[in-house]
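Asker: This one is coords-v6.cif, mmCIF, C-alpha atoms, pLDDT in the B column; chains and numbers go by the auth columns.
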```
data_final
loop_
_atom_site.group_PDB
_atom_site.id
_atom_site.type_symbol
_atom_site.label_atom_id
_atom_site.label_comp_id
_atom_site.label_asym_id
_atom_site.label_seq_id
_atom_site.Cartn_x
_atom_site.Cartn_y
_atom_site.Cartn_z
_atom_site.B_iso_or_equiv
_atom_site.auth_seq_id
_atom_site.auth_asym_id
ATOM 1 C CA MET A 1 104.652 -36.113 -295.729 91.00 1 A
ATOM 2 C CA PRO A 2 103.894 -34.701 -292.252 93.00 2 A
ATOM 3 C CA TYR A 3 104.293 -30.905 -291.945 94.00 3 A
ATOM 4 C CA SER A 4 104.690 -30.529 -295.716 95.00 4 A
ATOM 5 C CA ARG A 5 102.673 -30.237 -298.914 94.00 5 A
ATOM 6 C CA ASP A 6 105.403 -32.222 -300.676 94.00 6 A
ATOM 7 C CA SER A 7 105.442 -35.963 -301.196 92.00 7 A
ATOM 8 C CA VAL A 8 108.198 -38.531 -301.523 94.00 8 A
ATOM 9 C CA LEU A 9 108.519 -41.547 -303.785 96.00 9 A
ATOM 10 C CA LEU A 10 107.798 -45.055 -302.490 95.00 10 A
ATOM 11 C CA THR A 11 109.334 -47.897 -304.498 96.00 11 A
ATOM 12 C CA ARG A 12 109.177 -51.613 -303.831 97.00 12 A
ATOM 13 C CA ILE A 13 111.449 -54.364 -305.173 97.00 13 A
ATOM 14 C CA GLY A 14 110.483 -57.778 -303.832 96.00 14 A
ATOM 15 C CA ASN A 15 109.969 -57.350 -300.077 97.00 15 A
ATOM 16 C CA ILE A 16 112.246 -54.304 -299.799 97.00 16 A
ATOM 17 C CA CYS A 17 110.712 -50.817 -299.753 97.00 17 A
ATOM 18 C CA PHE A 18 112.554 -47.598 -300.516 97.00 18 A
ATOM 19 C CA MET A 19 111.444 -44.046 -299.694 96.00 19 A
ATOM 20 C CA GLY A 20 113.214 -40.993 -301.047 96.00 20 A
ATOM 21 C CA GLY A 21 112.720 -37.419 -302.064 96.00 21 A
ATOM 22 C CA ASN A 22 113.115 -33.779 -301.159 96.00 22 A
ATOM 23 C CA VAL A 23 110.592 -31.853 -299.067 96.00 23 A
ATOM 24 C CA LYS A 24 110.086 -28.357 -297.671 97.00 24 A
ATOM 25 C CA PHE A 25 108.633 -28.511 -294.170 97.00 25 A
ATOM 26 C CA ASP A 26 106.048 -25.832 -293.343 96.00 26 A
ATOM 27 C CA GLN A 27 106.368 -25.967 -289.555 95.00 27 A
ATOM 28 C CA SER A 28 108.789 -26.209 -286.678 95.00 28 A
ATOM 29 C CA GLY A 29 108.207 -27.888 -283.348 94.00 29 A
ATOM 30 C CA GLU A 30 109.558 -30.716 -281.269 96.00 30 A
ATOM 31 C CA ASN A 31 107.875 -34.108 -281.651 96.00 31 A
ATOM 32 C CA ASN A 32 108.338 -36.682 -278.931 97.00 32 A
ATOM 33 C CA TYR A 33 106.879 -39.845 -280.493 96.00 33 A
ATOM 34 C CA THR A 34 103.868 -37.956 -281.858 97.00 34 A
ATOM 35 C CA LYS A 35 101.435 -39.855 -284.132 97.00 35 A
ATOM 36 C CA ALA A 36 101.158 -38.377 -287.637 96.00 36 A
ATOM 37 C CA GLN A 37 97.884 -38.116 -289.556 95.00 37 A
ATOM 38 C CA GLU A 38 99.550 -39.722 -292.578 95.00 38 A
ATOM 39 C CA LYS A 39 99.776 -43.500 -292.929 96.00 39 A
ATOM 40 C CA ILE A 40 102.031 -45.781 -294.936 97.00 40 A
ATOM 41 C CA PRO A 41 99.917 -47.317 -297.728 96.00 41 A
ATOM 42 C CA GLU A 42 99.174 -51.034 -297.833 96.00 42 A
ATOM 43 C CA GLY A 43 101.814 -52.901 -299.770 97.00 43 A
ATOM 44 C CA TYR A 44 104.619 -50.852 -298.217 97.00 44 A
ATOM 45 C CA ARG A 45 104.127 -51.278 -294.477 97.00 45 A
ATOM 46 C CA PRO A 46 107.120 -52.432 -292.416 98.00 46 A
ATOM 47 C CA VAL A 47 107.339 -55.794 -290.678 96.00 47 A
ATOM 48 C CA SER A 48 108.793 -54.505 -287.397 91.00 48 A
ATOM 49 C CA VAL A 49 107.421 -52.020 -284.886 90.00 49 A
ATOM 50 C CA ASN A 50 109.260 -48.683 -284.673 94.00 50 A
ATOM 51 C CA THR A 51 110.981 -49.090 -288.061 96.00 51 A
ATOM 52 C CA PRO A 52 112.679 -45.885 -289.265 95.00 52 A
ATOM 53 C CA VAL A 53 111.029 -45.286 -292.634 96.00 53 A
ATOM 54 C CA ALA A 54 111.977 -41.651 -293.287 95.00 54 A
ATOM 55 C CA VAL A 55 115.202 -40.088 -292.117 95.00 55 A
ATOM 56 C CA PHE A 56 115.726 -36.463 -293.106 95.00 56 A
ATOM 57 C CA GLY A 57 118.995 -34.694 -293.850 91.00 57 A
ATOM 58 C CA GLY A 58 119.643 -30.999 -294.029 89.00 58 A
ATOM 59 C CA ASN A 59 118.742 -28.580 -291.245 92.00 59 A
ATOM 60 C CA THR A 60 116.373 -30.986 -289.473 94.00 60 A
ATOM 61 C CA THR A 61 116.445 -33.440 -286.609 93.00 61 A
ATOM 62 C CA PHE A 62 113.391 -35.331 -287.800 96.00 62 A
ATOM 63 C CA ILE A 63 112.690 -39.068 -288.215 97.00 63 A
ATOM 64 C CA CYS A 64 109.451 -40.896 -289.022 97.00 64 A
ATOM 65 C CA TYR A 65 108.943 -44.433 -287.709 97.00 65 A
ATOM 66 C CA GLY A 66 106.450 -46.880 -289.210 97.00 66 A
ATOM 67 C CA GLU A 67 104.446 -49.836 -287.935 97.00 67 A
ATOM 68 C CA ALA A 68 102.820 -52.828 -289.636 96.00 68 A
ATOM 69 C CA ASN A 69 99.374 -51.176 -289.428 97.00 69 A
ATOM 70 C CA GLY A 70 100.649 -48.120 -291.364 96.00 70 A
ATOM 71 C CA THR A 71 100.839 -45.792 -288.370 97.00 71 A
ATOM 72 C CA VAL A 72 103.609 -43.187 -288.559 97.00 72 A
ATOM 73 C CA THR A 73 105.260 -41.816 -285.414 97.00 73 A
ATOM 74 C CA MET A 74 107.380 -38.650 -285.530 97.00 74 A
ATOM 75 C CA LEU A 75 110.463 -37.814 -283.484 97.00 75 A
ATOM 76 C CA GLY A 76 112.445 -34.576 -283.590 97.00 76 A
ATOM 77 C CA ASN A 77 111.945 -31.184 -285.231 97.00 77 A
ATOM 78 C CA PRO A 78 111.459 -30.496 -288.966 97.00 78 A
ATOM 79 C CA ASN A 79 112.687 -26.883 -288.404 96.00 79 A
ATOM 80 C CA SER A 80 110.656 -25.457 -291.344 97.00 80 A
ATOM 81 C CA ALA A 81 113.594 -26.552 -293.500 97.00 81 A
ATOM 82 C CA TYR A 82 114.258 -28.110 -296.869 96.00 82 A
ATOM 83 C CA ALA A 83 115.318 -31.695 -296.299 96.00 83 A
ATOM 84 C CA GLY A 84 116.355 -34.771 -298.223 96.00 84 A
ATOM 85 C CA CYS A 85 114.536 -37.958 -297.257 95.00 85 A
ATOM 86 C CA THR A 86 115.738 -41.527 -297.346 96.00 86 A
ATOM 87 C CA GLY A 87 114.470 -44.821 -295.932 96.00 87 A
ATOM 88 C CA VAL A 88 114.711 -48.562 -296.584 97.00 88 A
ATOM 89 C CA TRP A 89 112.802 -51.357 -294.828 97.00 89 A
ATOM 90 C CA ARG A 90 111.365 -54.850 -295.283 97.00 90 A
ATOM 91 C CA THR A 91 107.657 -55.557 -295.740 97.00 91 A
ATOM 92 C CA ALA A 92 105.527 -58.686 -295.556 96.00 92 A
ATOM 93 C CA ASP A 93 102.534 -56.993 -297.246 96.00 93 A
ATOM 94 C CA PRO A 94 101.170 -58.432 -300.490 95.00 94 A
ATOM 95 C CA VAL A 95 102.476 -56.572 -303.541 92.00 95 A
ATOM 96 C CA PRO A 96 100.100 -53.678 -304.329 86.00 96 A
ATOM 97 C CA ALA A 97 98.043 -53.978 -307.505 79.00 97 A
#
```
Re-express the file's structure as structure tokens.
Answerer:
Amino acid sequence: MPYSRDSVLLTRIGNICFMGGNVKFDQSGENNYTKAQEKIPEGYRPVSVNTPVAVFGGNTTFICYGEANGTVTMLGNPNSAYAGCTGVWRTADPVPA
């Protein structure tokens, strides 16, 4: 997860992907469609461009958007906060082995 040492769980049922978990962000700072170093693994990549894949609750204003090539784009501020994460999207990727 960007700005965190924590990870979240990716689950896939058919062509629907779910992301969820709890993270502690290590940094604050405004992101204005900044590319993350992390990528969505093959088998879980969204069909549409600019798909919200991780929306964070708690004391954050932070969303991660995904693309079919796995690129993650960040918008908002993680505020060095604890945050719950949720996301659901459709994929056309082959099921991972």
Asker: For this structure, which residues satisfy the selection - the PyMOL selection byres ((chain A and resi 46-54) around 7) - when it is evaluated on the file as given? I want them as a short mmCIF file (atom, residue, chain, number, x, y, z; two decimals) with C-alpha atoms, keeping the file's coordinate frame.
Answerer:
```cif
data_model
loop_
_atom_site.label_atom_id
_atom_site.label_comp_id
_atom_site.auth_asym_id
_atom_site.auth_seq_id
_atom_site.Cartn_x
_atom_site.Cartn_y
_atom_site.Cartn_z
CA MET A 19 111.44 -44.05 -299.69
CA TYR A 44 104.62 -50.85 -298.22
CA ARG A 45 104.13 -51.28 -294.48
CA VAL A 55 115.20 -40.09 -292.12
CA PHE A 56 115.73 -36.46 -293.11
CA ILE A 63 112.69 -39.07 -288.21
CA CYS A 64 109.45 -40.90 -289.02
CA TYR A 65 108.94 -44.43 -287.71
CA GLY A 66 106.45 -46.88 -289.21
CA GLU A 67 104.45 -49.84 -287.94
CA ALA A 68 102.82 -52.83 -289.64
CA CYS A 85 114.54 -37.96 -297.26
CA THR A 86 115.74 -41.53 -297.35
CA GLY A 87 114.47 -44.82 -295.93
CA VAL A 88 114.71 -48.56 -296.58
CA TRP A 89 112.80 -51.36 -294.83
CA ARG A 90 111.36 -54.85 -295.28
CA THR A 91 107.66 -55.56 -295.74
CA ALA A 92 105.53 -58.69 -295.56
#
```
Asker: Any idea what the distance is between atom CA of Tyr82 of chain A and atom CA of Tyr3 of chain A?
Answerer: 11.5 Å
Asker: Excluding Gly57 of chain A and any residue of its chain fewer than 4 positions from it, enumerate the residues within 8 Å of it, using all atoms listed in the file, and give them as a list in words.
Answerer: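 Using all atoms listed in the file, the neighbours found are Thr61, Ala83, Gly84 and Cys85 of chain A.
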Asker: Save the residues we just selected, C-alpha atoms, as a tab-separated table (two decimals), in the coordinates of the input?
Answerer:
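So the final result, stored in again_38.tsv, reads:
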```tsv
chain	number	residue	atom	x	y	z
A	61	THR	CA	116.44	-33.44	-286.61
A	83	ALA	CA	115.32	-31.70	-296.30
A	84	GLY	CA	116.36	-34.77	-298.22
A	85	CYS	CA	114.54	-37.96	-297.26
```
Asker: Have a look at A:Asn69, A:Asn59, A:Asn15, A:Asn31 and name the one nearest to Pro2 of chain A; count all atoms listed in the file.
Answerer: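 Selected residue with least distance to Pro2 of chain A: A:Asn31.
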Asker: Find, counting all atoms listed in the file, the residue in A:Phe25, A:Phe62, A:Ile40, A:Phe18 that gets nearest to Gly76 of chain A.
Answerer: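 For Gly76 of chain A, the nearest of the given residues is A:Phe62.
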Asker: For this file, the PyMOL selection byres ((chain A and resi 9) around 7) selects which residues, as a VMD selection string?
Answerer: chain A and resid 7 to 8 10 to 11 19 to 21
Asker: Please provide as a ChimeraX atom specification all residues within 8 Å of Val95 of chain A, with the sequence filter that same-chain residues fewer than 2 positions apart are discarded (counting all atoms listed in the file).
Answerer: /A:43,93,97
Asker: Name the residues that the PyMOL selection byres ((chain A and resi 29) around 10) picks from the file above, as a PyMOL selection string, using the file's chain letters and numbers.
Answerer: chain A and resi 3+27-28+30-32+76-80
Asker: Report, in Å with one decimal, the straight-line distance from atom CA of Val23 of chain A to atom CA of Thr60 of chain A.
Answerer: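 One can read the atom CA of Val23 of chain A to atom CA of Thr60 of chain A distance as 11.2 Å.
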Asker: Could you jot down the atom CA of Pro41 of chain A to atom CA of Ile13 of chain A separation for me, Å, one decimal place?
Answerer: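 Interatomic distance, atom CA of Pro41 of chain A to atom CA of Ile13 of chain A: 15.4 Å.
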